[in-house]
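Student: Below are the structure tokens for one structure; questions will follow.
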Amino acid sequence: MLTILYIYHSCFAMVNDKTIIVFDYWHDDGAQTLHKLLEQSDKQVYFIASHFHGDHYNPEILSWPLKKTPKYLLSYDIIKKKHVPAEKADFVMRPGLEYEDENFKLRAFRSTDIGISMGITLPDGTVLFHAGDLNNWYFTEEVDKLKVTLRQMEGLYLSVVREVSKTYPRINHLMFPIDPRIGQETLRGARQWLRAIPTDNFYPMHYWEQYNDMAESILQLRTEFTHTTFVI
């Protein structure tokens, strides 16, 4: 039995019979769902952080009191930018590297911002993908937000999507940014992904508490991609 819980912003917890994987913890929801889950569980917990930005990495994870010692899979930039000793991480993620144990196999991919995006394959073959800050950040209304041109941004993003599709011809659970700050092109990256990679379940994230804007965007995607379930 696999459950994916949305916690806050870009944080999700994947729970199955043996494992809890926490992606990109920033802070808990109002009901303290994650704290309660972890404090009551004796499962193996993994904290995975895609990059050092404060809305994706909270150093609280390094001292979270749990029944079983957690494992930390941290992006390389967290070690450098946050001055976390490399030995604190059970695995330092860089694009192209893989981590594997009895509970899952992880492969790190590039991002269009900082750090990494990642795919995870469970023992039963289920594939999850957490994008981190991987998106087509196509800020046509505020181009100065980008360090590259729109053409370069799109080219980089599509090259990562192609790379992911070669490794995972189908994604079962995708956690992906739907960020209203992008404006009229908010759905550009999501559409390009869903056209390229068959995806069973899509979980929006990174929408900065703008739930209504995100929900409107998801309504559009539901009409276009009827073979994908959108979970909000």
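Quick note on naming: the chains in the structure tokens go A, B, ... in the order shown, residues restart at 1 in each chain, and ligands are numbered from 1 in order of appearance.
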Could you pull out the strand (DSSP E or B) residues of chain A, going by DSSP on the backbone, and write them as JSON, numbers by chain?

Tutor: {"A": [3, 4, 5, 6, 7, 8, 11, 12, 13, 14, 15, 19, 20, 21, 22, 23, 44, 45, 46, 47, 48, 49, 71, 72, 73, 74, 75, 91, 92, 93, 98, 99, 100, 105, 106, 107, 108, 109, 117, 118, 119, 120, 121, 127, 128, 129, 130, 171, 172, 173, 174, 175, 176, 177, 199, 200, 201, 202, 203, 204, 205, 229, 230]}

Student: For region 6-85 of chain A against region 102-120 of chain A, with a cut-off of 6 Å and counting only C-alpha atoms, what is the closest atom pair and its distance in Å to one decimal for every residue that makes the cut, ordered by chain and number, as a Markdown table?

Tutor:
```
| residue | atom | partner | partner_atom | distance |
| --- | --- | --- | --- | --- |
| A:Ser50 | CA | A:Ile116 | CA | 5.3 |
| A:His51 | CA | A:Gly115 | CA | 4.5 |
| A:Ser75 | CA | A:Gly115 | CA | 5.9 |
```

Student: I need the chosen residues saved as a tab-separated table (two decimals), in the first residue's frame, with N, CA and C atoms.

Tutor:
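File produced: part.tsv:
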```tsv
chain	number	residue	atom	x	y	z
A	50	SER	N	16.17	18.52	-2.48
A	50	SER	CA	16.62	18.70	-3.86
A	50	SER	C	17.60	19.86	-4.04
A	51	HIS	N	17.57	20.85	-3.14
A	51	HIS	CA	18.51	21.97	-3.22
A	51	HIS	C	18.41	22.84	-1.98
A	75	SER	N	21.19	17.20	-1.77
A	75	SER	CA	21.84	17.70	-2.98
A	75	SER	C	23.19	18.33	-2.64
```

Student: Would you please work out which residue, of A:Thr140, A:Thr69, A:Gln210, A:Asn201, is nearest to His227 (chain A) when using only C-alpha atoms?

Tutor: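 Between A:Thr140, A:Thr69, A:Gln210, A:Asn201, the residue approaching His227 (chain A) most closely is A:Asn201.
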
Student: Considering only C-alpha atoms, tabulate each residue of region 127-150 of chain A that lies at most 8 Å from region 182-199 of chain A along with its nearest interatomic pair and the corresponding distance in Å to one decimal; arrange the rows by chain and ascending residue number and present them as a tab-separated table.

Tutor:
```
residue	atom	partner	partner_atom	distance
A:Asn135	CA	A:Gly189	CA	5.6
A:Asn136	CA	A:Gly189	CA	4.7
A:Trp137	CA	A:Ile182	CA	6.8
A:Tyr138	CA	A:Glu185	CA	6.3
A:Phe139	CA	A:Ile182	CA	5.2
A:Thr140	CA	A:Glu185	CA	7.5
A:Glu141	CA	A:Gly183	CA	7.2
```

Student: Which is closest to His27 (chain A) among A:Leu221, A:Met1, A:Ile61, A:Val45, if we use only C-alpha atoms?

Tutor: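 Looking only at the distances to His27 (chain A), the closest residue turns out to be A:Ile61.
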
Student: Measure the distance from CA of Leu2 (chain A) to CA of Met14 (chain A) in Å and round it to one decimal.

Tutor: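 One can read the CA of Leu2 (chain A) to CA of Met14 (chain A) distance as 7.1 Å.
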
Student: Could you check which of A:Pro180, A:His173, A:Met153, A:His206 is closest to Val231 (chain A), using only C-alpha atoms?

Tutor: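 Looking at the shortest contact to Val231 (chain A), the residue is A:His173.
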
Student: CA of Phe176 (chain A) and CA of Phe202 (chain A), how far apart in Å?

Tutor: 7.3 Å

Student: Which of these, A:Ser217, A:Thr3, A:Asn212, A:Thr33, has the shortest distance to Ile21 (chain A) once you count only C-alpha atoms?

Tutor: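 Ranked by minimum distance to Ile21 (chain A), first place goes to A:Thr3.
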
Student: Using only C-alpha atoms, determine which residues lie at most 10 Å from Lys68 (chain A), disregarding the query and same-chain residues fewer than 6 positions distant; provide the list as a ChimeraX atom specification.

Tutor: /A:38-39,41-45

Student: Do you know which residues are at most 8 Å from Cys11 (chain A) counting only C-alpha atoms, after dropping those on the same chain fewer than 4 positions away, and could you put them as number ranges by chain?

Tutor: A: 6-7, 22-26, 56, 205
